[in-house]
$ cat final_21.txt   # compact mmCIF, C-alpha atoms
# COMPACT_ATOMS: atom_id res chain seq x y z
CA MET A 1 0.00 0.00 0.00
CA GLY A 2 2.85 2.36 0.91
CA ASN A 3 4.58 1.77 -2.43
CA ASN A 4 1.40 2.49 -4.36
CA LYS A 5 0.99 5.82 -2.54
CA ASN A 6 4.58 6.76 -3.33
CA HIS A 7 4.15 5.89 -6.99
CA SER A 8 0.96 7.97 -7.23
CA TRP A 9 2.63 10.94 -5.54
CA LEU A 10 5.63 10.67 -7.89
CA GLY A 11 3.34 10.46 -10.92
CA LEU A 12 1.49 13.60 -9.90
CA LEU A 13 4.78 15.44 -9.39
CA LEU A 14 6.08 14.47 -12.82
CA LEU A 15 2.75 15.48 -14.42
CA GLY A 16 3.01 18.90 -12.74
CA VAL A 17 6.54 19.36 -14.04
CA PHE A 18 5.50 18.46 -17.60
CA LEU A 19 2.51 20.81 -17.44
CA SER A 20 4.63 23.69 -16.15
CA ALA A 21 7.22 23.12 -18.85
CA GLY A 22 4.47 23.05 -21.46
CA ILE A 23 3.04 26.32 -20.22
CA ILE A 24 6.48 27.97 -20.28
CA ILE A 25 7.16 26.72 -23.81
CA ALA A 26 3.73 27.82 -24.99
CA THR A 27 4.25 31.24 -23.41
CA LEU A 28 7.59 31.64 -25.16
CA VAL A 29 6.08 30.61 -28.50
CA ILE A 30 3.20 33.05 -28.10
CA SER A 31 5.56 35.85 -27.02
CA LYS A 32 7.77 35.32 -30.05
CA THR A 33 4.71 35.24 -32.32
CA VAL A 34 3.39 38.50 -30.86
CA GLU A 35 6.83 40.08 -31.16
CA ARG A 36 7.05 39.02 -34.81
CA VAL A 37 3.55 40.32 -35.54
CA LYS A 38 4.37 43.64 -33.89
CA THR A 39 7.52 43.96 -35.95
CA GLN A 40 5.68 43.15 -39.14
CA ASN A 41 2.97 45.71 -38.34
CA GLN A 42 5.36 48.55 -37.52
CA ARG A 43 4.80 51.57 -39.73
CA ILE A 44 6.14 55.05 -40.11
CA GLN A 45 4.09 58.06 -41.17
CA VAL A 46 5.71 61.14 -42.67
CA LYS A 47 4.68 64.32 -44.45
CA GLY A 48 6.24 65.34 -47.73
CA PHE A 49 6.53 69.00 -48.71
CA ALA A 50 7.13 70.86 -51.97
CA GLU A 51 7.05 74.57 -52.76
CA ARG A 52 7.52 76.81 -55.79
CA THR A 53 7.38 80.51 -56.47
CA ILE A 54 5.30 81.53 -59.48
CA THR A 55 4.56 84.75 -61.33
CA SER A 56 0.96 85.41 -62.35
CA ASP A 57 0.34 85.40 -66.10
CA ILE A 58 -3.21 86.83 -66.19
CA ALA A 59 -4.59 89.96 -64.54
CA SER A 60 -8.22 90.95 -64.10
CA TRP A 61 -9.43 94.43 -63.16
CA SER A 62 -12.76 96.24 -62.92
CA GLY A 63 -13.71 99.89 -62.76
CA GLN A 64 -17.13 101.40 -62.24
CA ILE A 65 -18.81 104.53 -63.64
CA THR A 66 -21.81 106.00 -61.83
CA THR A 67 -24.23 108.67 -63.03
CA ARG A 68 -27.23 110.20 -61.26
CA SER A 69 -30.13 112.23 -62.58
CA PRO A 70 -33.84 112.90 -61.92
CA GLU A 71 -34.43 111.80 -65.52
CA LEU A 72 -33.57 108.28 -66.70
CA VAL A 73 -32.65 109.38 -70.24
CA THR A 74 -30.34 112.08 -68.94
CA ALA A 75 -28.65 109.65 -66.58
CA TYR A 76 -28.13 107.20 -69.46
CA ASP A 77 -26.75 109.87 -71.82
CA ASN A 78 -24.30 111.02 -69.16
CA LEU A 79 -23.27 107.42 -68.55
CA GLN A 80 -22.54 106.85 -72.24
CA ALA A 81 -20.51 110.07 -72.45
CA ASP A 82 -18.44 109.05 -69.41
CA LEU A 83 -17.97 105.54 -70.79
CA GLU A 84 -16.52 106.92 -74.03
CA LYS A 85 -14.03 108.98 -72.02
CA VAL A 86 -13.00 105.94 -69.98
CA LEU A 87 -12.55 103.73 -73.07
CA SER A 88 -10.57 106.48 -74.79
CA TYR A 89 -8.31 106.77 -71.76
CA LEU A 90 -7.73 103.00 -71.64
CA GLN A 91 -6.85 102.97 -75.33
CA GLN A 92 -4.35 105.79 -74.80
CA GLN A 93 -2.74 103.69 -72.06
CA GLY A 94 -2.24 100.82 -74.52
CA ILE A 95 -5.11 98.57 -73.45
CA ARG A 96 -6.38 96.49 -76.38
CA LYS A 97 -10.08 96.56 -77.26
CA GLU A 98 -10.29 92.76 -77.14
CA ASP A 99 -9.13 92.82 -73.50
CA VAL A 100 -12.04 95.06 -72.47
CA SER A 101 -15.57 93.86 -71.72
CA ILE A 102 -18.62 95.99 -70.97
CA PRO A 103 -21.43 94.22 -69.07
CA SER A 104 -25.02 95.44 -68.83
CA VAL A 105 -25.92 98.70 -67.10
CA ILE A 106 -27.26 98.41 -63.58
CA THR A 107 -30.20 100.77 -62.89
CA THR A 108 -31.42 101.74 -59.44
CA ILE A 109 -34.55 103.83 -58.88
CA GLN A 110 -34.49 106.32 -56.02
CA TYR A 111 -37.82 106.97 -54.31
CA LYS A 112 -38.67 110.02 -52.25
CA ARG A 113 -38.92 109.65 -48.49
CA THR A 114 -41.23 111.35 -46.08
CA THR A 115 -39.95 113.61 -43.31
CA GLN A 116 -40.24 110.55 -41.07
CA GLY A 117 -37.88 108.62 -43.37
CA MET A 118 -40.54 106.38 -44.86
CA SER A 119 -40.20 105.40 -48.54
CA THR A 120 -42.88 106.48 -51.02
CA ASN A 121 -43.70 105.40 -54.58
CA ILE A 122 -42.71 108.79 -55.98
CA VAL A 123 -39.60 108.56 -58.20
CA GLU A 124 -36.95 111.05 -57.15
CA GLY A 125 -34.21 110.03 -59.55
CA TYR A 126 -32.10 107.29 -61.11
CA ILE A 127 -28.65 105.89 -60.43
CA LEU A 128 -26.93 104.12 -63.32
CA VAL A 129 -23.79 102.02 -62.90
CA GLN A 130 -21.56 100.76 -65.71
CA ARG A 131 -18.74 98.34 -65.08
CA VAL A 132 -15.63 98.19 -67.26
CA ASN A 133 -13.62 94.97 -67.07
CA ILE A 134 -10.12 94.23 -68.30
CA THR A 135 -8.54 90.77 -68.57
CA SER A 136 -5.01 90.77 -69.93
CA SER A 137 -1.72 88.90 -69.91
CA ASN A 138 0.07 92.26 -69.62
CA ILE A 139 0.26 92.12 -65.84
CA GLU A 140 2.23 95.30 -65.23
CA GLN A 141 0.01 97.31 -67.54
CA VAL A 142 -3.16 96.29 -65.73
CA ALA A 143 -1.59 97.02 -62.35
CA ASP A 144 -0.60 100.47 -63.61
CA ILE A 145 -4.11 101.18 -64.94
CA ALA A 146 -5.68 100.21 -61.61
CA ASN A 147 -3.53 102.79 -59.85
CA LYS A 148 -3.85 105.68 -62.33
CA VAL A 149 -7.35 105.44 -63.82
CA THR A 150 -8.96 107.47 -61.03
CA VAL A 151 -7.36 110.53 -62.65
CA LEU A 152 -10.59 110.55 -64.67
CA ILE A 153 -12.31 111.97 -61.60
CA LYS A 154 -10.73 115.28 -62.57
CA GLU A 155 -12.89 115.21 -65.70
CA GLY A 156 -16.04 115.05 -63.61
CA ILE A 157 -16.48 111.28 -63.92
CA GLU A 158 -17.67 109.44 -60.82
CA PHE A 159 -15.33 106.49 -61.12
CA ASP A 160 -14.30 103.70 -58.73
CA SER A 161 -11.29 101.48 -59.36
CA PHE A 162 -11.29 98.05 -57.72
CA SER A 163 -8.23 96.06 -56.75
CA PRO A 164 -6.85 93.94 -59.59
CA GLN A 165 -6.68 90.17 -59.28
CA TYR A 166 -3.77 88.05 -60.48
CA PHE A 167 -3.96 84.41 -61.60
CA TYR A 168 -1.66 81.67 -62.89
CA THR A 169 -3.17 79.69 -65.76
CA LYS A 170 -0.77 76.72 -65.65
CA LEU A 171 -1.53 75.85 -62.06
CA ASP A 172 -3.08 72.43 -62.77
CA ASP A 173 0.07 71.18 -64.49
CA MET A 174 2.21 72.54 -61.68
CA LYS A 175 0.06 70.80 -59.06
CA ILE A 176 0.88 67.42 -60.59
CA GLU A 177 4.60 68.22 -60.56
CA LEU A 178 4.46 69.45 -56.97
CA LEU A 179 2.69 66.29 -55.82
CA GLY A 180 5.50 64.26 -57.36
CA GLU A 181 8.10 66.36 -55.57
CA ALA A 182 6.22 66.17 -52.26
CA THR A 183 5.93 62.39 -52.58
CA LYS A 184 9.66 62.09 -53.24
CA ASN A 185 10.35 64.32 -50.26
CA ALA A 186 8.18 62.10 -48.04
CA GLY A 187 10.09 59.01 -49.18
CA MET A 188 13.41 60.64 -48.30
CA ARG A 189 12.12 61.62 -44.86
CA ALA A 190 10.85 58.10 -44.19
CA LYS A 191 14.15 56.57 -45.26
CA GLN A 192 16.15 58.90 -43.02
CA LEU A 193 13.96 58.25 -39.99
CA ALA A 194 14.04 54.49 -40.54
CA GLU A 195 17.83 54.41 -40.93
CA ASN A 196 18.24 56.44 -37.76
CA SER A 197 16.37 53.72 -35.87
CA GLY A 198 18.25 50.86 -37.53
CA SER A 199 15.37 49.85 -39.81
CA LYS A 200 14.53 49.93 -43.49
CA VAL A 201 11.53 51.38 -45.29
CA GLY A 202 9.18 48.77 -46.72
CA SER A 203 6.17 49.11 -48.97
CA LEU A 204 3.82 52.07 -49.11
CA LYS A 205 0.69 51.40 -47.04
CA TYR A 206 -1.18 54.68 -47.17
CA ALA A 207 -1.04 57.99 -49.02
CA SER A 208 -3.09 61.16 -48.68
CA GLN A 209 -2.94 64.43 -50.60
CA GLY A 210 -3.36 67.63 -48.62
CA VAL A 211 -4.85 70.87 -49.93
CA PHE A 212 -2.76 73.31 -51.91
CA GLN A 213 -1.85 76.62 -50.33
CA ILE A 214 -1.32 79.46 -52.83
CA THR A 215 -0.19 82.44 -50.80
CA PRO A 216 1.85 85.62 -51.11
CA VAL A 217 5.58 84.89 -51.05
CA TYR A 218 6.89 84.38 -47.49
CA SER A 219 3.34 84.22 -46.12
CA THR A 220 2.57 81.74 -43.35
CA GLN A 221 -1.21 81.77 -43.81
CA ILE A 222 -2.87 78.38 -44.29
CA SER A 223 -6.41 77.03 -44.41
CA ASP A 224 -7.90 73.58 -43.93
CA TYR A 225 -9.66 74.11 -47.26
CA GLY A 226 -6.66 75.56 -49.05
CA THR A 227 -6.03 79.17 -50.02
CA TYR A 228 -5.69 80.96 -53.36
CA ASP A 229 -4.22 84.42 -53.11
CA THR A 230 -5.19 86.73 -55.99
CA THR A 231 -3.84 89.98 -54.57
CA THR A 232 -0.16 89.57 -55.47
CA ILE A 233 1.65 89.02 -58.76
CA LYS A 234 4.27 86.70 -57.26
CA LYS A 235 2.91 83.79 -55.25
CA SER A 236 4.11 80.73 -53.40
CA VAL A 237 2.48 77.36 -54.17
CA LYS A 238 2.81 74.76 -51.42
CA ALA A 239 1.86 71.08 -51.57
CA VAL A 240 1.77 68.58 -48.71
CA VAL A 241 1.25 64.79 -48.81
CA THR A 242 0.98 62.27 -46.00
CA MET A 243 2.64 58.89 -46.61
CA GLU A 244 2.74 55.78 -44.45
CA TYR A 245 5.30 53.01 -45.01
CA SER A 246 5.91 49.64 -43.45
CA ILE A 247 9.17 49.20 -41.51
CA GLN A 248 11.44 46.19 -41.97
$ encode --input "final_21.txt" --output "C-alpha cells"
Amino acid sequence: MGNNKNHSWLGLLLLGVFLSAGIIIATLVISKTVERVKTQNQRIQVKGFAERTITSDIASWSGQITTRSPELVTAYDNLQADLEKVLSYLQQQGIRKEDVSIPSVITTIQYKRTTQGMSTNIVEGYILVQRVNITSSNIEQVADIANKVTVLIKEGIEFDSFSPQYFYTKLDDMKIELLGEATKNAGMRAKQLAENSGSKVGSLKYASQGVFQITPVYSTQISDYGTYDTTTIKKSVKAVVTMEYSIQ
C-alpha cells in the first residue's frame, strides 16, 4: 500500500513538471509570435513638402462709372458720355479693345422719403452704374491702370477702381509636378527616420494628398480648405502629402 501511494505521488509530481514546462514553452512561443507580428505591423508616417514661387500670367481688373439724374434718359446719356471717355483713356494707355468687356448697365430707382424717413412710390431720380472689365496677360500694364485710372475723376467722372486680381493659368500642371516632388520628399524623410532607428523602409501602405496653399511669397497663412491668393503678382504654391510606409 505504501509503495502504491509513493508511486501515485511521484506520478502527480512528474505530471506537474510536464505541465509547467508546457506552459512555459507555450508562453515563449506566443511571445515570439506576438513580437514578430508587432515587428511586421510597424509603420512610419511622414509628411512630404514641396514649394515653388510663381509669377501670375493673367490679370483681371474692374472699374465702375456712376451717373445720377432725376431723368432716366439724362442719366443714361451722361453714362454713355463718361464711358466713351474711360474707353478712350484706356486705349491711350495701350489697353487692347479685345481685352475690355462691358457688361449690362445696372439701374437703381431712387424713391422720395417722407420727413419721417418712410419710402414712397414717388420717383426722385435714377442711379446708373456701368462696369468696365479688363482681362489681360500684360500684368504690369493692368496694375498700372488700376492705380492711375482714377485721374478721370478730374474730368467730372464718378469712377471707382477696384483692386486687380492676379492668376496663374498653368496651375493644374504645376500641381501634378508638386505632388511628385512632395511624394519624393516624403520618401526621403521616411528613409532617413528608418535608418536612424536601424530599420529599413518597406512598402507604401497609405497615401493622402493635402490641400494646396497658394499664398503671397513668405506668407505663413494656411487654411484647412486651401487658399488661393489673388492679390499679389508673385505667389508661393505649397503642396503637402501624408505617406505611411511599413518598416522592416
$ closest_residue --input "final_21.txt" --among "A:Gln45, A:Gln93, A:Gln110, A:Ser56" --to "Pro216 (chain A)" --atoms "only C-alpha atoms"
A:Ser56
$ atom_distance --input "final_21.txt" --atom1 "CA of Tyr166 (chain A)" --atom2 "CA of Val129 (chain A)"
24.5 Å
$ atom_distance --input "final_21.txt" --atom1 "CA of Arg131 (chain A)" --atom2 "CA of Gly63 (chain A)"
5.8 Å
$ residues_near_point --input "final_21.txt" --point "(-14.3, 103.9, -72.6)" --cutoff "12 Å" --atoms "all atoms listed in the file" --output "ChimeraX atom specification"
/A:63-65,79-93,95-97,100-102,130-134,149,152,157,159
$ write_last_selection --input "final_21.txt" --atoms "C-alpha atoms" --output "PDB file, keeping the file's coordinate frame"
ATOM      1  CA  GLY A  63     -13.710  99.890 -62.760  1.00  0.00           C
ATOM      2  CA  GLN A  64     -17.130 101.400 -62.240  1.00  0.00           C
ATOM      3  CA  ILE A  65     -18.810 104.530 -63.640  1.00  0.00           C
ATOM      4  CA  LEU A  79     -23.270 107.420 -68.550  1.00  0.00           C
ATOM      5  CA  GLN A  80     -22.540 106.850 -72.240  1.00  0.00           C
ATOM      6  CA  ALA A  81     -20.510 110.070 -72.450  1.00  0.00           C
ATOM      7  CA  ASP A  82     -18.440 109.050 -69.410  1.00  0.00           C
ATOM      8  CA  LEU A  83     -17.970 105.540 -70.790  1.00  0.00           C
ATOM      9  CA  GLU A  84     -16.520 106.920 -74.030  1.00  0.00           C
ATOM     10  CA  LYS A  85     -14.030 108.980 -72.020  1.00  0.00           C
ATOM     11  CA  VAL A  86     -13.000 105.940 -69.980  1.00  0.00           C
ATOM     12  CA  LEU A  87     -12.550 103.730 -73.070  1.00  0.00           C
ATOM     13  CA  SER A  88     -10.570 106.480 -74.790  1.00  0.00           C
ATOM     14  CA  TYR A  89      -8.310 106.770 -71.760  1.00  0.00           C
ATOM     15  CA  LEU A  90      -7.730 103.000 -71.640  1.00  0.00           C
ATOM     16  CA  GLN A  91      -6.850 102.970 -75.330  1.00  0.00           C
ATOM     17  CA  GLN A  92      -4.350 105.790 -74.800  1.00  0.00           C
ATOM     18  CA  GLN A  93      -2.740 103.690 -72.060  1.00  0.00           C
ATOM     19  CA  ILE A  95      -5.110  98.570 -73.450  1.00  0.00           C
ATOM     20  CA  ARG A  96      -6.380  96.490 -76.380  1.00  0.00           C
ATOM     21  CA  LYS A  97     -10.080  96.560 -77.260  1.00  0.00           C
ATOM     22  CA  VAL A 100     -12.040  95.060 -72.470  1.00  0.00           C
ATOM     23  CA  SER A 101     -15.570  93.860 -71.720  1.00  0.00           C
ATOM     24  CA  ILE A 102     -18.620  95.990 -70.970  1.00  0.00           C
ATOM     25  CA  GLN A 130     -21.560 100.760 -65.710  1.00  0.00           C
ATOM     26  CA  ARG A 131     -18.740  98.340 -65.080  1.00  0.00           C
ATOM     27  CA  VAL A 132     -15.630  98.190 -67.260  1.00  0.00           C
ATOM     28  CA  ASN A 133     -13.620  94.970 -67.070  1.00  0.00           C
ATOM     29  CA  ILE A 134     -10.120  94.230 -68.300  1.00  0.00           C
ATOM     30  CA  VAL A 149      -7.350 105.440 -63.820  1.00  0.00           C
ATOM     31  CA  LEU A 152     -10.590 110.550 -64.670  1.00  0.00           C
ATOM     32  CA  ILE A 157     -16.480 111.280 -63.920  1.00  0.00           C
ATOM     33  CA  PHE A 159     -15.330 106.490 -61.120  1.00  0.00           C
TER      34      PHE A 159
END
$ atom_distance --input "final_21.txt" --atom1 "CA of Glu51 (chain A)" --atom2 "CA of Ala182 (chain A)"
8.5 Å
$ residues_around --input "final_21.txt" --residues "Ser203 (chain A)" --least-positions-apart "6" --cutoff "10 Å" --atoms "only C-alpha atoms" --output "PDB file with C-alpha atoms, keeping the file's coordinate frame"
ATOM      1  CA  ARG A  43       4.800  51.570 -39.730  1.00  0.00           C
ATOM      2  CA  GLU A 244       2.740  55.780 -44.450  1.00  0.00           C
ATOM      3  CA  TYR A 245       5.300  53.010 -45.010  1.00  0.00           C
ATOM      4  CA  SER A 246       5.910  49.640 -43.450  1.00  0.00           C
ATOM      5  CA  ILE A 247       9.170  49.200 -41.510  1.00  0.00           C
ATOM      6  CA  GLN A 248      11.440  46.190 -41.970  1.00  0.00           C
TER       7      GLN A 248
END
$ residues_around --input "final_21.txt" --residues "Thr230 (chain A)" --least-positions-apart "2" --cutoff "10 Å" --atoms "all atoms listed in the file" --output "PyMOL selection string"
chain A and resi 56+59-60+163-168+214-216+227-228+232-235
$ residues_around --input "final_21.txt" --residues "Lys191 (chain A)" --least-positions-apart "2" --cutoff "10 Å" --atoms "all atoms listed in the file" --output "NGL selection string"
:A and (44 or 46 or 185-189 or 193-196 or 199-202 or 245 or 247)
$ axis_aligned_box --input "final_21.txt" --around "region 140-144 of chain A" --padding-each-side "3 Å" --output "lines of an AutoDock Vina configuration file"
center_x = -0.5
center_y = 97.9
center_z = -64.9
size_x = 11.4
size_y = 11.2
size_z = 11.2
$ closest_residue --input "final_21.txt" --among "A:Gln192, A:Ser62, A:Ala207, A:Thr220" --to "Pro103 (chain A)" --atoms "all atoms listed in the file"
A:Ser62
$ closest_residue --input "final_21.txt" --among "A:Glu158, A:Asp99, A:Asp224, A:Asp57" --to "Leu128 (chain A)" --atoms "all atoms listed in the file"
A:Glu158
